[in-house]
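A short worksheet on the structure shown next.
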Protein chains: 4
Amino acid sequence: VRLVHSLSTTKALAELFSDDALLRAMLDFEAALARSQAALAIIPAEAARAIEQAASNASKLDADALAEASLHAGTLSIPLVQAFTEQVRTQDTRAAGFVHWGATSQDLADTALVLLLKRAQPILSADLDRLEPALQRLSAQHKNTVMVGRTLLQAAPPVTFGLKAAGWLSGIHRSREQLDRAFARALSVQFGGAAGTTAALGERGPQVGRALAKELGLEHPEAPWHTQRDRLASLVCACGVLTGCLGKMARDISLLMQSEVGEVAEPAGPGRGGSSTMPQKRNPVGATVALAAAHRVPGLVAAYLSAMVQEHERGVGGWQAEWPTITAVIQATGVALASMAEGAEGLEVDEQRMRDNLDATRGAVYAEKAMMLLAPALGRDVAYKLLEQASRRSAAEGKHLAVVLAELPEVAGRIEPAALGELEIAEKYLGAAEEYRAGLLRLTAEEKSTKKKE
Amino acid sequence: VRLVHSLSTTKALAELFSDDALLRAMLDFEAALARSQAALAIIPAEAARAIEQAASNASKLDADALAEASLHAGTLSIPLVQAFTEQVRTQDTRAAGFVHWGATSQDLADTALVLLLKRAQPILSADLDRLEPALQRLSAQHKNTVMVGRTLLQAAPPVTFGLKAAGWLSGIHRSREQLDRAFARALSVQFGGAAGTTAALGERGPQVGRALAKELGLEHPEAPWHTQRDRLASLVCACGVLTGCLGKMARDISLLMQSEVGEVAEPAGPGRGGSSTMPQKRNPVGATVALAAAHRVPGLVAAYLSAMVQEHERGVGGWQAEWPTITAVIQATGVALASMAEGAEGLEVDEQRMRDNLDATRGAVYAEKAMMLLAPALGRDVAYKLLEQASRRSAAEGKHLAVVLAELPEVAGRIEPAALGELEIAEKYLGAAEEYRAGLLRLTAEEKSTKKKE
Amino acid sequence: VRLVHSLSTTKALAELFSDDALLRAMLDFEAALARSQAALAIIPAEAARAIEQAASNASKLDADALAEASLHAGTLSIPLVQAFTEQVRTQDTRAAGFVHWGATSQDLADTALVLLLKRAQPILSADLDRLEPALQRLSAQHKNTVMVGRTLLQAAPPVTFGLKAAGWLSGIHRSREQLDRAFARALSVQFGGAAGTTAALGERGPQVGRALAKELGLEHPEAPWHTQRDRLASLVCACGVLTGCLGKMARDISLLMQSEVGEVAEPAGPGRGGSSTMPQKRNPVGATVALAAAHRVPGLVAAYLSAMVQEHERGVGGWQAEWPTITAVIQATGVALASMAEGAEGLEVDEQRMRDNLDATRGAVYAEKAMMLLAPALGRDVAYKLLEQASRRSAAEGKHLAVVLAELPEVAGRIEPAALGELEIAEKYLGAAEEYRAGLLRLTAEEKSTKKKE
Amino acid sequence: VRLVHSLSTTKALAELFSDDALLRAMLDFEAALARSQAALAIIPAEAARAIEQAASNASKLDADALAEASLHAGTLSIPLVQAFTEQVRTQDTRAAGFVHWGATSQDLADTALVLLLKRAQPILSADLDRLEPALQRLSAQHKNTVMVGRTLLQAAPPVTFGLKAAGWLSGIHRSREQLDRAFARALSVQFGGAAGTTAALGERGPQVGRALAKELGLEHPEAPWHTQRDRLASLVCACGVLTGCLGKMARDISLLMQSEVGEVAEPAGPGRGGSSTMPQKRNPVGATVALAAAHRVPGLVAAYLSAMVQEHERGVGGWQAEWPTITAVIQATGVALASMAEGAEGLEVDEQRMRDNLDATRGAVYAEKAMMLLAPALGRDVAYKLLEQASRRSAAEGKHLAVVLAELPEVAGRIEPAALGELEIAEKYLGAAEEYRAGLLRLTAEEKSTKKKE
């Protein structure tokens, strides 16, 4: 992790795209290619063995020199193949002549990227596997925990914290399904040779491609996809939508953690959430990190989409814009996920404060309820105006809405005293909150069990 | 179509989001809500009838006044409900009291949007149903049409135009599948009331929601989704990926239409592709329009994703950013699609020019082939250097590569004269181009027939 | 204003880019061109008169037909010139032959856009001329109004509302200066003919360009700028930065208006800030509109910047992406400005609530102060830990921080009782708030007076 | 340079934002702060000396541990201050208590960023100082080099390569001026303490701030700008516009380098522009790198702008999104600049090929000229139609346009034979190309000399 990126990635995802890991993936491609071609008797078996052996040692490559050479070559693949060929040559001169046989730079670069993405998926999944159950637990525990609903940041009729957590979960769960599908579609080998016809291998290109895919544990697509980037773009978009959902959850947490609200708190711990100058503080660190990701990822998605317009058989500029972009997207998504997983697992919920904040509205949030009680008699519109006035009086005089209403002649006889008496009981104005909550949870649970059966 | 948007939308998609269509959708919601609630005996049947009748006449509403009032209200729903209530009142005072019963502004606004999106899908599909077969035809017709492959805009080994067209088709086809799925997921009714619990309807909210969904031909989701925008965001992303694929096709066409290349031409016609000052021109108008969309849509996708971070039970700013953004995305995608459909249907392909451009490289594009022929003997790396020199000589002296090679001592005896003789025959260096092409076409065809069976 | 855009533009800015206004600007170009060329004896004076007369009547043009034709022509200019030529012909056959003399489509389209931008500037300025003084007044009135500072949404040492308002003003004021400069640079005529050399006019192109610029009240640049779009891009960026500043102000207002905070309120009024279902609500409508703009504009800026990469002498796709993008940016900036101007002019500030919220922290926000008092004796680091504990105890036991501290042996003798006694007096812990506030206000005032003198 | 970023940054700009450089900048802040405060007798002189000494050794800090701790703390500043304090303590226990005196995390982080930006400016300027003169030279050398103008990638009347190069220069030059101004405005110290009032220093905050600014060679702003990010945002935008201009130049170069066009070539050299599989290739590497930047930067600008909406006195998410974004923008701009500087300095221009391509249009590009010659007699509109037909015949029959025209009865007597004879002489149809070119060059030269005098 570079310090300048210390909030932009987890350690695991930083290592995933490190020089070592990238070179490892590139050499895995070269080794698998040689192995596949030897098995198909396209190159000599001894050459393949020498290539494989050389490939087992990525550490001999000089990453700094490669980086510099890349900028002149326009791709890392060219200097990498050169340097690797030299390494093979030191072992076996003839084998050096069979390195990268029939492949093009983009085959190597794209497949290496895909190999890294394949390793990214379980990292993201691991945090989703923490986050989803944590939200399910929170939702179940707080199915009866009432709190102020808030629309445009103004107090609205009550909801339950269980419903709110289920809402977070639902977006995250749906986004995860999309992400999984996008990964499945994106994890294809790239093998097309110079112009995407594998002409250098005669008609045996597809054979090699299939063998290579099998070696690397990737899909073999119908055709090379050098300039058809929709599958990777969909993956980037799926990250964008997931990060948006995480950002929504994080925004809510940051708002609920406000000193004036105080309804939840992220888990505390040594070195977590403090301030360098304000000893009293407990900052929403996880939410901050997730929100930072939610600010960054949309622009990165735009960059990726704009780079899809790639020329003919290999793009000039668009393709080369992809690596830093998709890397940043995966890392940002991952750090947002990890932050929210940690946040959800240890989230402290202050039920009393939730109740207190509800009470502090002095019944204002039940104005809709009172309106609906009056509406059958007065009409919704007339009732609306009456409640508008009553709410204003309640706020101005500091009286509970039910009290104000009890004094109004228009209300007398139209709302039963008993009904007025329980006007401000949150539990009596939750509508189908529990049904909705349960429905959302059922959905996420059902699909999970379905998935297991498959 | 506003003139300032004349290249940004088709007429059909401009009308889809016109004031009339939007008001119509909003009144459809109110009418369907009343009908549903009357059927469930929640509001009087006569009230529902009066509401339905009033709703049948959107033209009585003053769009200008509504637009102005929206800006003060923060949403179109509020002034619309007010104005509509007044209209109902002129017919039936009591019915006026039952308008918008138990619904919130966002229920109305979101569902109206979804209704419009539901109507957008067939419009986009219609153009995809023109574009895909046109590309299949082009690909089939030109399965043997050889042309220069181009990587980084430099001449590369030959491909077929059939393969190129199949590549365009494959990205578009896959994107379409994603788009269809995204539409299916997005077309859900919104009905949650003030805080998303439908509390104003007691526990009958879900019943009403289901009835309403059925009335409107939409799905009923597990719960209201006021601030969980992932399904719409995925739809916007799917448009982004599709537009990227269309942009790729358009970029290729614009490049192939260059005066110096001249391999394809968009269909001509009166008023199509001319210049105001240059009588000789035939401009790539369809490609231009599609590329303009491909420039605009990524930023719009970013705007949509960044707006997903919506507060609590209703967002302040994020939600309100959605309408103009999703509208622009659908329209841009649609106009790019229509342009490419028209372009593909009438695309003129100049096979001779393709062949001529290939010949004009004087065999340079077969350098890889010659290298592969020499590589078994010399090694890939040594052969590479030899060909680099030969290519340079070929270019400098204007000789065909095969001729230069024939003169080299290193080549003599390593490439058979016969092989050298057919070095520059494009048909002998297409590798698996046809296998890839056929695979791509089969895929798109198979899935189509599968779909029909379903 | 289209309803779908009702929160995305002011009425004035909707009209600015209306069909009428755009056609008017295009005909103004044609008329001014004819007039200039007649004055230079390039075309006959009678022809110019006929052209001018025909141009005086934009209403004869069929906007719908033009929009449709634009999509086929790839630009509005071509069908517009054709239709206009026909109009001239009905008056004077020979004059018809001199319409659009020596100009190219992009000359017409770009200059028309610039003319509309020239009219946009005073519209934006008018709202800035409301917003800036309103913020200056708010800042001056509340220079002594103390309130909780908030970092990461957690309570921090006090600030004044005057300083906060001055902060908003400073960003807006600096952005305005950039915007003004960007307008000044962008308001240049476009006149280059087919390939940007005005070759159709021999060597007289620059003469015509200068005359045309003078006629239209625009600058004459050193050369045509058909594919050098940096000046427009800078204008779009300046709007982006200004909207970001407005979004920051709006975010703060929306947070301060939260039910649980209640420190400010946007002005109320009929039809302003209500809810369709919650009679008690007072929504932050202006903030909502400005935040919606702040969500949309960054993506639009990205779209504009990505479209700068325009090919050779006229772009294919990039140029054509500009109109809808820049229009949306100007409108979004304008509606955010108008909303914040209205919001600032009528902003209600609840000084008592600000004080109450400060008191409600029970001194927690003075932990830094106590730390600094203890630091000279204990060291900053030791003092930090002490205060961390004391703050926790204060929160847990509901005691004021000063009380907790008074009980600690480490504090005794290190903070004077008198100092401890005034620990929690906000006015005694404002540091240089007033100096900073005054500095910001002076700056904005000084420059204004300088500007007047110029 | 990480390999995944090897095309995304120059080495110098990678080092600029390396861990070492960042920690160095942060310790420079702490040292300068201590020095300033000692000079003002706010902290003991010995403490300052100890702090300074410890700060002189950044290498003792464990970057990996800091990165990990940052993610928990939500900012690098907190663990850095802790670790640094411990280092000071090993030398001087008392001095440890005066580290970071009166400063807040964001003061440290922002000022460190600004210090790095200050160092970025000369790096960018150095490449601009290569690029601008190179373009001036190219423009001067080729002021008479005629070539095809190209609009929408179709052949248009001729231009000179000198004019084209001057066009590139003009956009880059204007963008540079904006960038310089943006740097000048952005290079301000951040020093506001916990809530931006420097309350921990009583009223002495501004004194410290001024001293600190002087120590660090930065401006002292009127007030802290913790959540007013417009100056940095403007800098990011200026980079965006400059990169757009570089992308435009790069796009043109990549198009001119196409095998079918071949009018320019980027400089060759060992390891530059080759292909791993195609020995004949000379790829537009510099253009590729610049275009990749032009694809990425717009989305990064969007991310930055969207992050401007920062809450109250310190943002939650927005601020934390800035570091990776602005770093990526500066690096991308820098690598695009370096690539275009190298490309321009060694650009090979093939004048003969330019002439040949012009000739190959068989006069089509002079259709406008012929139309203008006929227009006075026939009218512009009638002449337009005539030329449309003649151009079509010229293309179909492979005859030069002048020949076709000579055969037309409508032309006879209306264009003098002499005029027809020189119809297709490029030099006779350049209009004011040279005047425009010279104007653009003069402008960039004049301002430079003005700057020197200042």
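If you're wondering about the labels, chains in the structure tokens are A, B, ... by order shown, residues count from 1 in each chain, ligands from 1 in order shown.
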
For chain D, which residues have at least one atom within 6 Å of chain A, if we go by only C-alpha atoms? Write them as an MDAnalysis selection string, please. chainID D and resid 3 5:7 19 67 71:74 78 104:105 271:273 276:277 285 288 291:292 295:296 299:300 302:303 307 316:318 320:321 324

Store the residues of this selection in a file with N, CA, C and O atoms, as a compact mmCIF listing (two decimals), in the first residue's frame.
```
# COMPACT_ATOMS: atom_id res chain seq x y z
N LEU D 3 4.17 -1.29 -11.63
CA LEU D 3 4.03 -1.74 -13.02
C LEU D 3 2.63 -1.51 -13.56
O LEU D 3 2.45 -1.20 -14.74
N HIS D 5 0.91 0.86 -13.10
CA HIS D 5 0.82 2.28 -13.48
C HIS D 5 1.92 2.69 -14.44
O HIS D 5 2.20 3.88 -14.58
N SER D 6 2.56 1.73 -15.09
CA SER D 6 3.76 2.12 -15.82
C SER D 6 3.49 3.04 -17.00
O SER D 6 4.38 3.76 -17.43
N LEU D 7 2.26 3.08 -17.51
CA LEU D 7 1.93 4.05 -18.57
C LEU D 7 1.21 5.27 -18.00
O LEU D 7 0.79 6.14 -18.75
N ASP D 19 6.13 7.18 -0.96
CA ASP D 19 6.06 7.21 0.50
C ASP D 19 7.12 8.12 1.08
O ASP D 19 6.84 8.92 1.98
N ALA D 67 0.65 2.83 6.84
CA ALA D 67 -0.45 2.63 5.90
C ALA D 67 -1.57 1.85 6.56
O ALA D 67 -2.75 2.20 6.45
N LEU D 71 -5.69 3.37 7.80
CA LEU D 71 -7.01 2.87 7.44
C LEU D 71 -7.92 2.78 8.67
O LEU D 71 -9.13 2.95 8.58
N HIS D 72 -7.31 2.54 9.81
CA HIS D 72 -8.12 2.52 11.03
C HIS D 72 -8.37 3.92 11.57
O HIS D 72 -9.39 4.18 12.19
N ALA D 73 -7.40 4.79 11.34
CA ALA D 73 -7.52 6.13 11.89
C ALA D 73 -8.34 7.05 10.99
O ALA D 73 -8.84 8.08 11.42
N GLY D 74 -8.45 6.67 9.73
CA GLY D 74 -9.19 7.51 8.79
C GLY D 74 -8.32 8.60 8.18
O GLY D 74 -8.78 9.40 7.39
N ILE D 78 -2.80 10.92 11.80
CA ILE D 78 -2.82 10.49 13.20
C ILE D 78 -1.69 9.50 13.50
O ILE D 78 -0.87 9.76 14.39
N THR D 104 -4.15 20.45 13.44
CA THR D 104 -5.07 19.33 13.32
C THR D 104 -4.58 18.43 12.19
O THR D 104 -3.75 18.83 11.37
N SER D 105 -5.11 17.23 12.14
CA SER D 105 -4.68 16.25 11.13
C SER D 105 -4.73 16.83 9.73
O SER D 105 -3.84 16.63 8.91
N GLY D 271 13.62 -0.02 -28.38
CA GLY D 271 12.58 -0.27 -27.39
C GLY D 271 11.39 0.64 -27.52
O GLY D 271 10.51 0.67 -26.67
N ARG D 272 11.31 1.42 -28.58
CA ARG D 272 10.25 2.40 -28.70
C ARG D 272 9.34 2.06 -29.87
O ARG D 272 9.77 2.06 -31.02
N GLY D 273 8.12 1.78 -29.60
CA GLY D 273 7.12 1.67 -30.65
C GLY D 273 7.07 0.35 -31.38
O GLY D 273 6.35 0.22 -32.36
N SER D 276 5.31 -6.89 -30.00
CA SER D 276 5.95 -8.15 -29.57
C SER D 276 5.86 -9.21 -30.65
O SER D 276 6.58 -10.18 -30.64
N THR D 277 4.96 -8.99 -31.61
CA THR D 277 4.76 -10.06 -32.59
C THR D 277 4.87 -9.59 -34.02
O THR D 277 4.99 -10.39 -34.93
N VAL D 285 3.52 5.35 -29.87
CA VAL D 285 3.55 5.09 -28.43
C VAL D 285 3.24 6.34 -27.62
O VAL D 285 2.46 6.31 -26.66
N THR D 288 -0.31 7.13 -27.83
CA THR D 288 -1.08 6.15 -27.06
C THR D 288 -1.12 6.52 -25.59
O THR D 288 -2.18 6.50 -24.95
N LEU D 291 -3.21 9.63 -25.10
CA LEU D 291 -4.64 9.33 -25.26
C LEU D 291 -5.18 8.54 -24.06
O LEU D 291 -6.32 8.75 -23.63
N ALA D 292 -4.36 7.65 -23.54
CA ALA D 292 -4.78 6.93 -22.33
C ALA D 292 -5.05 7.92 -21.21
O ALA D 292 -6.06 7.82 -20.49
N HIS D 295 -8.28 9.69 -21.72
CA HIS D 295 -9.43 8.88 -21.36
C HIS D 295 -9.67 8.85 -19.85
O HIS D 295 -10.79 8.80 -19.39
N ARG D 296 -8.56 8.86 -19.10
CA ARG D 296 -8.71 8.69 -17.66
C ARG D 296 -9.02 9.98 -16.91
O ARG D 296 -9.78 9.97 -15.93
N GLY D 299 -12.77 11.47 -15.95
CA GLY D 299 -13.43 10.80 -14.83
C GLY D 299 -12.81 11.16 -13.49
O GLY D 299 -13.51 11.29 -12.48
N LEU D 300 -11.51 11.34 -13.49
CA LEU D 300 -10.84 11.74 -12.25
C LEU D 300 -11.24 13.15 -11.85
O LEU D 300 -11.43 13.45 -10.67
N ALA D 302 -14.09 14.48 -12.52
CA ALA D 302 -15.45 14.33 -11.99
C ALA D 302 -15.41 13.87 -10.54
O ALA D 302 -16.14 14.38 -9.68
N ALA D 303 -14.53 12.91 -10.26
CA ALA D 303 -14.42 12.42 -8.89
C ALA D 303 -14.02 13.57 -7.95
O ALA D 303 -14.57 13.72 -6.86
N ALA D 307 -16.36 15.43 -4.96
CA ALA D 307 -15.90 15.37 -3.57
C ALA D 307 -15.80 16.75 -2.92
O ALA D 307 -15.42 16.87 -1.77
N VAL D 316 -16.61 14.23 5.51
CA VAL D 316 -16.61 12.81 5.81
C VAL D 316 -16.74 12.06 4.48
O VAL D 316 -17.83 11.85 3.97
N GLY D 317 -15.59 11.74 3.91
CA GLY D 317 -15.58 11.01 2.65
C GLY D 317 -15.05 11.83 1.49
O GLY D 317 -14.21 11.37 0.73
N GLY D 318 -15.53 13.06 1.37
CA GLY D 318 -15.10 13.89 0.25
C GLY D 318 -13.61 14.22 0.36
O GLY D 318 -12.83 14.01 -0.58
N GLN D 320 -11.35 12.76 1.99
CA GLN D 320 -10.52 11.56 1.96
C GLN D 320 -10.44 10.95 0.56
O GLN D 320 -9.62 10.07 0.32
N ALA D 321 -11.29 11.42 -0.34
CA ALA D 321 -11.22 10.94 -1.73
C ALA D 321 -10.18 11.69 -2.54
O ALA D 321 -9.87 11.31 -3.66
N PRO D 324 -5.78 10.19 -3.64
CA PRO D 324 -5.51 9.32 -4.81
C PRO D 324 -5.95 9.97 -6.12
O PRO D 324 -5.36 9.72 -7.16
```

Looking only at helix (DSSP H, G or I) from DSSP on the backbone, list the matching residues of segment 305-376 of chain D as JSON, numbers by chain. {"D": [305, 306, 319, 320, 321, 322, 323, 324, 325, 326, 327, 328, 329, 330, 331, 332, 333, 334, 335, 336, 337, 338, 339, 340, 341, 342, 343, 344, 345, 351, 352, 353, 354, 355, 356, 357, 358, 359, 364, 365, 366, 367, 368, 369, 370, 371, 372, 373, 374, 375, 376]}

Give me the residues within 10 Å of Gly398 of chain D as a list of chain:residue names, counting only C-alpha atoms and dropping any in the same chain fewer than 4 places off.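 Non-adjacent residues within range: D:Thr361, D:Arg362, D:Arg392, D:Arg393, D:Ser394, D:Val404.
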
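Ranking A:Leu218, A:Ala233, A:Leu347, A:Ala96 by their shortest atom-to-atom distance to Ile253 of chain A, with only C-alpha atoms included, puts A:Leu347 first.
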
Do a neighbour search on Ala95 of chain A at 7 Å with only C-alpha atoms, toss out local chain neighbours closer than 4 positions, and write the hits as a PyMOL selection string. chain A and resi 47+50-51+88-89+99

Next, dump the selected residues to file, keeping only N, CA and C atoms, as a PDB file, in the first residue's frame.
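Full text of result.pdb as output:
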```pdb
ATOM      1  N   ALA A  47      11.703 -27.302 -24.639  1.00  0.00           N
ATOM      2  CA  ALA A  47      11.579 -25.844 -24.610  1.00  0.00           C
ATOM      3  C   ALA A  47      10.547 -25.442 -23.556  1.00  0.00           C
ATOM      4  N   ALA A  50      11.941 -25.721 -20.078  1.00  0.00           N
ATOM      5  CA  ALA A  50      12.865 -24.629 -19.749  1.00  0.00           C
ATOM      6  C   ALA A  50      12.101 -23.336 -19.485  1.00  0.00           C
ATOM      7  N   ILE A  51      11.109 -23.110 -20.288  1.00  0.00           N
ATOM      8  CA  ILE A  51      10.292 -21.898 -20.110  1.00  0.00           C
ATOM      9  C   ILE A  51       9.581 -21.943 -18.763  1.00  0.00           C
ATOM     10  N   VAL A  88      15.329 -17.143 -20.069  1.00  0.00           N
ATOM     11  CA  VAL A  88      15.241 -18.503 -20.594  1.00  0.00           C
ATOM     12  C   VAL A  88      16.543 -18.844 -21.327  1.00  0.00           C
ATOM     13  N   ARG A  89      17.031 -17.868 -22.060  1.00  0.00           N
ATOM     14  CA  ARG A  89      18.238 -18.125 -22.847  1.00  0.00           C
ATOM     15  C   ARG A  89      19.419 -18.537 -21.969  1.00  0.00           C
ATOM     16  N   VAL A  99       9.592 -18.754 -26.620  1.00  0.00           N
ATOM     17  CA  VAL A  99       8.842 -17.963 -25.637  1.00  0.00           C
ATOM     18  C   VAL A  99       7.756 -17.155 -26.341  1.00  0.00           C
TER      19      VAL A  99
END
```

Could you give me the residues within segment 253-448 of chain D that DSSP places in strand (DSSP E), as a CSV table (one decimal) with C-alpha atoms, in the first residue's frame?
```
chain,number,residue,atom,x,y,z
D,264,VAL,CA,4.1,11.9,-39.6
D,265,ALA,CA,6.0,9.4,-37.4
D,348,GLU,CA,9.2,13.1,-38.4
D,349,VAL,CA,7.1,14.9,-41.0
```

Show which residues sit within 8 Å of Arg380 of chain C, as a VMD selection string. Count only C-alpha atoms, and ignore same-chain residues fewer than 4 positions away. (chain C and resid 371 to 372 374 to 376 384) or (chain D and resid 96 to 99 101)

Kindly export the residues of the current selection with N, CA and C atoms, as a PDB file, in the first residue's frame.
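out-v6.pdb was written with the following content:
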```pdb
ATOM      1  N   MET C 371      -6.825  20.053  26.883  1.00  0.00           N
ATOM      2  CA  MET C 371      -5.562  19.384  26.552  1.00  0.00           C
ATOM      3  C   MET C 371      -4.444  20.408  26.396  1.00  0.00           C
ATOM      4  N   MET C 372      -4.719  21.501  25.715  1.00  0.00           N
ATOM      5  CA  MET C 372      -3.686  22.506  25.501  1.00  0.00           C
ATOM      6  C   MET C 372      -3.301  23.187  26.820  1.00  0.00           C
ATOM      7  N   LEU C 374      -3.252  21.667  29.663  1.00  0.00           N
ATOM      8  CA  LEU C 374      -2.452  20.698  30.415  1.00  0.00           C
ATOM      9  C   LEU C 374      -1.126  20.375  29.712  1.00  0.00           C
ATOM     10  N   ALA C 375      -1.081  20.607  28.431  1.00  0.00           N
ATOM     11  CA  ALA C 375       0.057  20.133  27.650  1.00  0.00           C
ATOM     12  C   ALA C 375       1.396  20.728  28.073  1.00  0.00           C
ATOM     13  N   PRO C 376       1.462  22.024  28.366  1.00  0.00           N
ATOM     14  CA  PRO C 376       2.780  22.551  28.748  1.00  0.00           C
ATOM     15  C   PRO C 376       3.354  21.801  29.945  1.00  0.00           C
ATOM     16  N   TYR C 384      -3.322  14.406  25.932  1.00  0.00           N
ATOM     17  CA  TYR C 384      -4.306  13.862  24.993  1.00  0.00           C
ATOM     18  C   TYR C 384      -5.001  12.646  25.591  1.00  0.00           C
TER      19      TYR C 384
ATOM     20  N   ALA D  96       8.677  15.909  22.984  1.00  0.00           N
ATOM     21  CA  ALA D  96       7.593  15.083  22.449  1.00  0.00           C
ATOM     22  C   ALA D  96       6.236  15.713  22.727  1.00  0.00           C
ATOM     23  N   GLY D  97       6.148  16.422  23.838  1.00  0.00           N
ATOM     24  CA  GLY D  97       4.884  17.054  24.206  1.00  0.00           C
ATOM     25  C   GLY D  97       4.543  18.255  23.349  1.00  0.00           C
ATOM     26  N   PHE D  98       5.457  18.717  22.519  1.00  0.00           N
ATOM     27  CA  PHE D  98       5.187  19.919  21.712  1.00  0.00           C
ATOM     28  C   PHE D  98       5.055  19.631  20.213  1.00  0.00           C
ATOM     29  N   VAL D  99       5.054  18.344  19.897  1.00  0.00           N
ATOM     30  CA  VAL D  99       4.881  17.972  18.491  1.00  0.00           C
ATOM     31  C   VAL D  99       3.459  18.306  18.026  1.00  0.00           C
ATOM     32  N   TRP D 101       1.858  20.951  17.651  1.00  0.00           N
ATOM     33  CA  TRP D 101       1.232  21.885  18.600  1.00  0.00           C
ATOM     34  C   TRP D 101       0.183  22.781  17.922  1.00  0.00           C
TER      35      TRP D 101
END
```

Computed gap from atom CA of Trp225 of chain A to atom CA of Arg176 of chain B is 16.9 Å
